[in-house]
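Asks: For reference, the file target.cif (mmCIF, C-alpha atoms) is included below:
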data_query
loop_
_atom_site.label_atom_id
_atom_site.label_comp_id
_atom_site.auth_asym_id
_atom_site.auth_seq_id
_atom_site.Cartn_x
_atom_site.Cartn_y
_atom_site.Cartn_z
CA GLY Z 1 -30.59 22.68 -9.31
CA GLY Z 2 -33.38 20.53 -7.91
CA ASN Z 3 -34.07 16.78 -7.63
CA SER Z 4 -37.20 14.73 -8.13
CA ALA Z 5 -37.54 10.97 -7.88
CA ASN Z 6 -39.75 8.35 -9.51
CA TYR Z 7 -39.51 5.23 -7.35
CA ASN Z 8 -40.54 1.75 -8.43
CA TYR Z 9 -39.20 -0.31 -5.55
CA TYR Z 10 -35.56 -1.12 -6.39
CA ASN Z 11 -35.67 0.07 -10.01
CA TYR Z 12 -36.14 3.82 -10.09
CA SER Z 13 -35.04 7.12 -11.69
CA ILE Z 14 -33.93 10.45 -10.28
CA SER Z 15 -34.40 13.67 -12.29
CA ARG Z 16 -32.01 16.53 -11.56
CA THR Z 17 -32.63 20.02 -12.99
CA TRP Z 18 -29.58 22.19 -13.62
CA THR Z 19 -29.94 25.98 -14.02
CA ALA Z 20 -27.20 28.33 -15.24
CA THR Z 21 -27.50 32.15 -14.76
CA ASP Z 22 -25.12 34.78 -16.20
CA VAL Z 23 -24.26 38.21 -14.70
CA CYS Z 24 -27.03 39.83 -16.68
CA GLY Z 25 -29.62 37.56 -15.15
CA ASN Z 26 -30.14 35.42 -18.21
CA SER Z 27 -30.64 31.76 -17.36
CA GLY Z 28 -31.08 28.37 -18.97
CA ASN Z 29 -31.72 24.93 -17.60
CA CYS Z 30 -31.57 21.25 -18.47
CA VAL Z 31 -32.76 18.07 -16.86
CA GLN Z 32 -30.46 15.17 -15.97
CA THR Z 33 -32.16 11.78 -15.43
CA ILE Z 34 -30.35 9.08 -13.46
CA PHE Z 35 -31.74 5.53 -13.77
CA VAL Z 36 -31.04 3.02 -11.01
CA HIS Z 37 -31.60 -0.64 -11.83
CA ASP Z 38 -31.04 -3.68 -9.62
CA VAL Z 39 -29.25 -6.17 -11.86
CA THR Z 40 -27.58 -8.25 -9.16
CA ALA Z 41 -28.92 -11.82 -8.77
CA PRO Z 42 -29.66 -13.22 -5.32
CA ILE Z 43 -27.16 -15.49 -3.64
CA ILE Z 44 -28.86 -18.86 -3.22
CA SER Z 45 -27.92 -21.74 -0.92
CA CYS Z 46 -29.34 -25.19 -1.73
CA PRO Z 47 -30.14 -27.88 0.84
CA SER Z 48 -27.61 -30.68 1.10
CA SER Z 49 -28.10 -33.76 -1.06
CA SER Z 50 -29.69 -36.59 0.89
CA THR Z 51 -30.30 -40.33 0.76
CA VAL Z 52 -33.47 -41.87 2.22
CA ASN Z 53 -35.24 -45.24 2.25
CA ASN Z 54 -38.54 -45.73 0.45
CA ASP Z 55 -41.69 -45.09 2.49
CA PRO Z 56 -43.52 -48.17 3.87
CA ASN Z 57 -45.56 -49.96 1.19
CA ASN Z 58 -44.52 -47.40 -1.44
CA CYS Z 59 -41.84 -47.49 -4.11
CA SER Z 60 -41.09 -43.83 -3.43
CA ALA Z 61 -40.39 -41.45 -0.56
CA VAL Z 62 -41.98 -38.10 0.27
CA VAL Z 63 -39.10 -35.72 1.01
CA THR Z 64 -39.32 -32.14 2.27
CA PHE Z 65 -36.54 -29.56 2.22
CA SER Z 66 -35.88 -25.82 2.25
CA GLY Z 67 -33.04 -23.59 1.10
CA SER Z 68 -32.19 -19.94 1.62
CA ALA Z 69 -31.19 -16.88 -0.34
CA THR Z 70 -29.95 -13.33 0.26
CA ASP Z 71 -29.99 -10.29 -1.99
CA ASN Z 72 -28.30 -6.91 -2.14
CA CYS Z 73 -31.64 -5.09 -2.40
CA THR Z 74 -34.59 -7.35 -1.76
CA PRO Z 75 -35.35 -8.27 1.87
CA THR Z 76 -34.91 -11.98 2.51
CA GLN Z 77 -38.61 -12.51 3.18
CA ASN Z 78 -39.46 -11.09 -0.26
CA ILE Z 79 -37.16 -13.41 -2.24
CA ASN Z 80 -39.12 -16.16 -3.94
CA ILE Z 81 -37.47 -19.61 -3.82
CA GLY Z 82 -38.90 -22.39 -5.96
CA TYR Z 83 -37.97 -26.04 -6.46
CA ALA Z 84 -38.41 -28.49 -9.33
CA PRO Z 85 -39.52 -31.08 -8.25
CA SER Z 86 -41.06 -29.34 -5.26
CA SER Z 87 -40.60 -30.03 -1.57
CA GLY Z 88 -43.05 -32.73 -0.45
CA TYR Z 89 -42.88 -34.53 -3.80
CA ALA Z 90 -42.97 -38.35 -3.81
CA PHE Z 91 -39.52 -39.08 -5.16
CA PRO Z 92 -39.11 -42.41 -7.01
CA VAL Z 93 -36.44 -44.97 -6.23
CA GLY Z 94 -33.14 -43.81 -7.70
CA VAL Z 95 -31.42 -40.44 -7.97
CA THR Z 96 -33.42 -37.28 -8.76
CA THR Z 97 -31.82 -33.89 -9.32
CA VAL Z 98 -33.73 -30.96 -7.80
CA THR Z 99 -33.18 -27.48 -9.21
CA SER Z 100 -33.82 -24.49 -6.95
CA THR Z 101 -34.37 -20.96 -8.29
CA ALA Z 102 -34.30 -17.75 -6.25
CA THR Z 103 -35.95 -14.64 -7.73
CA ASP Z 104 -35.75 -11.12 -6.29
CA VAL Z 105 -38.37 -8.41 -6.77
CA SER Z 106 -36.47 -7.07 -9.77
CA GLY Z 107 -36.74 -10.40 -11.58
CA ASN Z 108 -33.06 -11.34 -11.14
CA THR Z 109 -32.58 -15.09 -10.65
CA SER Z 110 -29.97 -17.55 -9.51
CA THR Z 111 -30.09 -21.33 -9.39
CA CYS Z 112 -28.48 -24.25 -7.63
CA SER Z 113 -29.13 -27.99 -7.57
CA PHE Z 114 -28.94 -30.97 -5.25
CA THR Z 115 -29.94 -34.63 -5.39
CA ILE Z 116 -32.46 -36.80 -3.57
CA THR Z 117 -31.59 -40.51 -3.60
CA VAL Z 118 -34.32 -42.97 -2.65
CA GLN Z 119 -33.09 -46.47 -1.96
CA THR Z 120 -34.98 -49.70 -1.43
CA GLU Z 121 -34.00 -53.18 -0.35
CA VAL Z 122 -30.89 -54.88 -1.66
CA ILE Z 123 -31.14 -58.68 -1.46
CA SER Z 124 -28.16 -60.83 -0.53
CA LEU Z 125 -28.56 -64.63 -0.69
CA SER Z 126 -26.12 -67.18 0.72
CA SER Z 127 -26.20 -70.87 1.61
CA PRO Z 128 -23.98 -72.72 4.09
CA THR Z 129 -21.77 -75.48 2.70
CA HIS Z 130 -20.88 -79.00 3.83
CA ASN Z 131 -17.73 -81.04 3.24
CA GLY Z 132 -16.53 -80.56 -0.29
CA GLY Z 133 -18.11 -77.10 -0.55
CA TYR Z 134 -21.57 -78.41 -1.50
CA ASN Z 135 -24.80 -76.88 -0.19
CA LEU Z 136 -26.26 -80.36 0.36
CA SER Z 137 -24.37 -82.98 2.33
CA CYS Z 138 -25.38 -85.89 0.06
CA PHE Z 139 -26.67 -86.52 -3.42
CA GLY Z 140 -30.46 -86.32 -3.35
CA GLY Z 141 -30.51 -84.88 0.17
CA HIS Z 142 -32.78 -82.13 1.52
CA ASP Z 143 -30.62 -80.46 4.14
CA GLY Z 144 -29.91 -77.28 2.16
CA SER Z 145 -30.85 -73.83 3.43
CA ILE Z 146 -30.77 -70.23 2.21
CA ASN Z 147 -29.93 -67.16 4.28
CA THR Z 148 -31.64 -63.97 3.05
CA THR Z 149 -30.18 -60.65 4.14
CA LEU Z 150 -31.79 -57.30 3.29
CA THR Z 151 -30.06 -53.94 3.41
CA ASN Z 152 -31.80 -50.58 2.92
CA GLY Z 153 -35.50 -50.27 2.23
CA THR Z 154 -38.35 -50.02 4.73
CA GLY Z 155 -40.48 -52.92 5.92
CA PRO Z 156 -42.72 -54.76 6.20
CA PHE Z 157 -41.31 -57.15 3.61
CA THR Z 158 -42.99 -60.16 2.02
CA PHE Z 159 -41.10 -63.09 0.50
CA THR Z 160 -42.25 -65.39 -2.29
CA TRP Z 161 -40.00 -68.34 -3.14
CA THR Z 162 -40.21 -70.81 -6.00
CA GLY Z 163 -37.93 -73.74 -6.71
CA PRO Z 164 -37.56 -77.24 -8.16
CA ASN Z 165 -40.52 -79.63 -8.37
CA GLY Z 166 -43.10 -76.93 -7.63
CA TYR Z 167 -41.43 -75.74 -4.42
CA THR Z 168 -42.93 -72.59 -2.83
CA SER Z 169 -42.36 -70.79 0.46
CA ASN Z 170 -42.99 -67.45 2.13
CA ALA Z 171 -40.16 -67.75 4.64
CA GLN Z 172 -37.40 -65.16 4.64
CA SER Z 173 -34.71 -67.85 4.94
CA PRO Z 174 -36.08 -71.27 3.93
CA SER Z 175 -34.50 -74.61 4.92
CA GLY Z 176 -34.92 -78.33 4.20
CA LEU Z 177 -34.09 -77.70 0.55
CA GLY Z 178 -32.94 -80.00 -2.20
CA PHE Z 179 -30.67 -79.50 -5.18
CA GLY Z 180 -31.54 -76.83 -7.79
CA SER Z 181 -32.23 -73.17 -8.44
CA TYR Z 182 -34.40 -71.07 -6.12
CA TYR Z 183 -35.96 -67.70 -6.89
CA VAL Z 184 -37.25 -65.09 -4.44
CA THR Z 185 -39.40 -62.00 -4.93
CA VAL Z 186 -39.24 -59.45 -2.10
CA TYR Z 187 -41.96 -56.80 -1.90
CA ASN Z 188 -42.29 -53.72 0.33
CA GLY Z 189 -43.99 -51.39 -2.11
CA CYS Z 190 -41.03 -52.00 -4.41
CA THR Z 191 -40.37 -55.39 -5.99
CA ARG Z 192 -36.91 -56.92 -6.06
CA THR Z 193 -35.85 -60.40 -7.19
CA ALA Z 194 -32.85 -62.64 -6.66
CA SER Z 195 -31.88 -66.27 -7.22
CA ILE Z 196 -29.41 -68.85 -5.94
CA ASN Z 197 -28.41 -72.37 -6.97
CA LEU Z 198 -27.89 -75.09 -4.35
CA SER Z 199 -25.24 -77.65 -5.24
CA GLN Z 200 -24.93 -81.31 -4.28
CA PRO Z 201 -22.18 -83.95 -4.63
CA ALA Z 202 -22.34 -86.44 -7.45
CA PRO Z 203 -23.81 -89.88 -6.67
CA ILE Z 204 -21.38 -92.51 -5.42
CA ASN Z 205 -20.23 -94.87 -8.17
CA TYR Z 206 -17.86 -97.82 -7.92
CA SER Z 207 -17.12 -101.30 -9.17
CA ALA Z 208 -16.24 -104.35 -7.06
CA SER Z 209 -13.99 -107.33 -7.67
CA LYS Z 210 -13.57 -110.48 -5.63
CA VAL Z 211 -11.05 -113.19 -4.97
CA ASN Z 212 -12.58 -116.47 -3.84
CA GLU Z 213 -11.12 -118.41 -0.93
CA ALA Z 214 -8.65 -121.07 -1.94
CA CYS Z 215 -10.44 -123.89 -0.16
CA ASN Z 216 -13.96 -124.57 0.88
CA GLY Z 217 -14.44 -123.07 4.33
CA GLY Z 218 -11.31 -120.96 4.02
CA ASN Z 219 -10.98 -117.34 4.97
CA ASN Z 220 -8.54 -115.98 2.44
CA GLY Z 221 -11.10 -114.56 0.00
CA SER Z 222 -11.34 -110.82 -0.56
CA LEU Z 223 -13.55 -108.06 -1.98
CA THR Z 224 -12.08 -104.90 -3.50
CA ILE Z 225 -13.87 -101.62 -4.29
CA ASN Z 226 -12.55 -100.16 -7.53
CA ASN Z 227 -13.01 -96.83 -9.34
CA LEU Z 228 -14.78 -95.17 -6.44
CA SER Z 229 -16.13 -91.72 -7.36
CA GLY Z 230 -18.81 -89.24 -6.34
CA GLY Z 231 -19.99 -88.43 -2.86
CA VAL Z 232 -17.61 -86.62 -0.53
CA SER Z 233 -14.51 -88.10 1.00
CA PRO Z 234 -13.49 -89.46 3.46
CA TYR Z 235 -15.49 -92.61 2.79
CA SER Z 236 -16.49 -95.23 5.34
CA TYR Z 237 -16.97 -98.93 4.43
#
What's the structure tokens form of this structure?

Replies:
Amino acid sequence: GGNSANYNYYNYSISRTWTATDVCGNSGNCVQTIFVHDVTAPIISCPSSSTVNNDPNNCSAVVTFSGSATDNCTPTQNINIGYAPSSGYAFPVGVTTVTSTATDVSGNTSTCSFTITVQTEVISLSSPTHNGGYNLSCFGGHDGSINTTLTNGTGPFTFTWTGPNGYTSNAQSPSGLGFGSYYVTVYNGCTRTASINLSQPAPINYSASKVNEACNGGNNGSLTINNLSGGVSPYSY
């Protein structure tokens, strides 16, 4: 018999001709066709999932990545690997799933996925306390302060504070504050907000009673403070 081939890269056919001859010289033949098809998908390897901060002055991050794939037939350099979303995309804050697809020259595909997490600032507000656990030492005082801590995100950051009685500030950690609720907006391309309430002791309240001296010019009179409340103990008189 004889062979002939019709090649189309990795999907091809081979034709084989068979001839049978008897002792009298009579012969007959037939053709056998063998089809070879690549039906094996590539083996794809995705990049590792990653977490990044937002880019400066943007509420997103441009992230690049690359994966790899191998195939039983197609040379590595001829395997097409695509991503959705693509490498170099501006990923928004949060978690985005990227799907990668590898395709060999025969059209066989395989997929894998990974995640890109873009994080921005997390605001933590705190205020020191005085005796009694209050943020102000006295009723009506203005010795309160706020500590602002940021984690994650990329600067520069701007701070916009508002508070009681028309209070405003652009400090990261303002001080000299009175009683009430304070609100901050932090911006670095992304906008985040937070608030905190500063506490104060109640005003001091009391009543007084007296006992007059027994005789004119005597020294046995007395004053007594009754029903003392508010403020923060210990008290001084």

Asks: So what does the PyMOL selection byres ((chain Z and resi 72) around 10) actually pick up in this one, as a PDB file with C-alpha atoms, keeping the file's coordinate frame?

Replies:
ATOM      1  CA  ASP Z  38     -31.040  -3.680  -9.620  1.00  0.00           C
ATOM      2  CA  VAL Z  39     -29.250  -6.170 -11.860  1.00  0.00           C
ATOM      3  CA  THR Z  40     -27.580  -8.250  -9.160  1.00  0.00           C
ATOM      4  CA  ALA Z  41     -28.920 -11.820  -8.770  1.00  0.00           C
ATOM      5  CA  PRO Z  42     -29.660 -13.220  -5.320  1.00  0.00           C
ATOM      6  CA  ILE Z  43     -27.160 -15.490  -3.640  1.00  0.00           C
ATOM      7  CA  THR Z  70     -29.950 -13.330   0.260  1.00  0.00           C
ATOM      8  CA  ASP Z  71     -29.990 -10.290  -1.990  1.00  0.00           C
ATOM      9  CA  CYS Z  73     -31.640  -5.090  -2.400  1.00  0.00           C
ATOM     10  CA  THR Z  74     -34.590  -7.350  -1.760  1.00  0.00           C
ATOM     11  CA  PRO Z  75     -35.350  -8.270   1.870  1.00  0.00           C
ATOM     12  CA  THR Z  76     -34.910 -11.980   2.510  1.00  0.00           C
ATOM     13  CA  ASP Z 104     -35.750 -11.120  -6.290  1.00  0.00           C
TER      14      ASP Z 104
END

Asks: Mind giving me the straight-line distance from CA of Phe139 in chain Z to CA of Pro203 in chain Z in Å, one decimal?

Replies: 5.5 Å

Asks: Rounded to one decimal in Å, what is the spacing between CA of His37 in chain Z and CA of Ser113 in chain Z?

Replies: 27.8 Å

Asks: Using the chain letters and numbers from this file, what does the PyMOL selection byres ((chain Z and resi 187) around 12) select? Give the answer as a count of residues only.

Replies: 31

Asks: Pick out the closest residue to Gly94 in chain Z from this set: Z:Ser13, Z:Asn53, Z:Asn205, Z:Thr117. Count all atoms listed in the file.

Replies: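 Selected residue with least distance to Gly94 in chain Z: Z:Thr117.
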
Asks: Once the PyMOL selection byres ((chain Z and resi 135) around 10) is applied to the coordinates I shared, what remains selected? I want it as an MDAnalysis selection string.

Replies: chainID Z and resid 126:134 136:138 141:146 177:179 197:201

Asks: Take the residues from that selection and put them in a file with C-alpha atoms, as a PDB file, in the coordinates of the input.

Replies:
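Once everything was written out, this is result.pdb:
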ATOM      1  CA  SER Z 126     -26.120 -67.180   0.720  1.00  0.00           C
ATOM      2  CA  SER Z 127     -26.200 -70.870   1.610  1.00  0.00           C
ATOM      3  CA  PRO Z 128     -23.980 -72.720   4.090  1.00  0.00           C
ATOM      4  CA  THR Z 129     -21.770 -75.480   2.700  1.00  0.00           C
ATOM      5  CA  HIS Z 130     -20.880 -79.000   3.830  1.00  0.00           C
ATOM      6  CA  ASN Z 131     -17.730 -81.040   3.240  1.00  0.00           C
ATOM      7  CA  GLY Z 132     -16.530 -80.560  -0.290  1.00  0.00           C
ATOM      8  CA  GLY Z 133     -18.110 -77.100  -0.550  1.00  0.00           C
ATOM      9  CA  TYR Z 134     -21.570 -78.410  -1.500  1.00  0.00           C
ATOM     10  CA  LEU Z 136     -26.260 -80.360   0.360  1.00  0.00           C
ATOM     11  CA  SER Z 137     -24.370 -82.980   2.330  1.00  0.00           C
ATOM     12  CA  CYS Z 138     -25.380 -85.890   0.060  1.00  0.00           C
ATOM     13  CA  GLY Z 141     -30.510 -84.880   0.170  1.00  0.00           C
ATOM     14  CA  HIS Z 142     -32.780 -82.130   1.520  1.00  0.00           C
ATOM     15  CA  ASP Z 143     -30.620 -80.460   4.140  1.00  0.00           C
ATOM     16  CA  GLY Z 144     -29.910 -77.280   2.160  1.00  0.00           C
ATOM     17  CA  SER Z 145     -30.850 -73.830   3.430  1.00  0.00           C
ATOM     18  CA  ILE Z 146     -30.770 -70.230   2.210  1.00  0.00           C
ATOM     19  CA  LEU Z 177     -34.090 -77.700   0.550  1.00  0.00           C
ATOM     20  CA  GLY Z 178     -32.940 -80.000  -2.200  1.00  0.00           C
ATOM     21  CA  PHE Z 179     -30.670 -79.500  -5.180  1.00  0.00           C
ATOM     22  CA  ASN Z 197     -28.410 -72.370  -6.970  1.00  0.00           C
ATOM     23  CA  LEU Z 198     -27.890 -75.090  -4.350  1.00  0.00           C
ATOM     24  CA  SER Z 199     -25.240 -77.650  -5.240  1.00  0.00           C
ATOM     25  CA  GLN Z 200     -24.930 -81.310  -4.280  1.00  0.00           C
ATOM     26  CA  PRO Z 201     -22.180 -83.950  -4.630  1.00  0.00           C
TER      27      PRO Z 201
END

Asks: Quick one: 5 Å padding each side, axis-aligned, all listed atoms of range 81-95 of chain Z - centre and edge lengths in Å to one decimal, as JSON?

Replies:
{"center_x": -37.2, "center_y": -32.3, "center_z": -4.9, "size_x": 21.6, "size_y": 35.4, "size_z": 18.9}

Asks: Pick out the closest residue to Gly67 in chain Z from this set: Z:Ile14, Z:Cys112, Z:Ile196, Z:Ile34. Count only C-alpha atoms.

Replies: Z:Cys112

Asks: So the first atom is CA of Pro174 in chain Z and the second is CA of Pro234 in chain Z; what is the distance between them in Å, to one decimal place?

Replies: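 CA of Pro174 in chain Z sits 29.0 Å away from CA of Pro234 in chain Z.
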
Asks: Can you work out which one of Z:Gly140, Z:Thr51, Z:Tyr182, Z:Gly163 has the shortest atom-to-atom distance to Leu125 in chain Z, counting only C-alpha atoms?

Replies: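 Looking only at the distances to Leu125 in chain Z, the closest residue turns out to be Z:Tyr182.
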
Asks: So, with all atoms listed in the file as the atoms that count, which of Z:Thr96, Z:Ser209, Z:Ser87, Z:Thr19 lies closest to Asn227 in chain Z?

Replies: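 Of the candidates, the smallest distance to Asn227 in chain Z is held by Z:Ser209.
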
Asks: Looking at Z:Asn78, Z:Thr97, Z:Thr17, Z:Ser173, which one is nearest to Phe114 in chain Z, with distances taken over all atoms listed in the file?

Replies: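 Looking only at the distances to Phe114 in chain Z, the closest residue turns out to be Z:Thr97.
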
Asks: Rank nothing, just name the residue among Z:Ile116, Z:Thr21, Z:Asn11, Z:Gly28 nearest to Ser48 in chain Z, using all atoms listed in the file.

Replies: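 Checking each of Z:Ile116, Z:Thr21, Z:Asn11, Z:Gly28 against Ser48 in chain Z, counting all atoms listed in the file, the winner is Z:Ile116.
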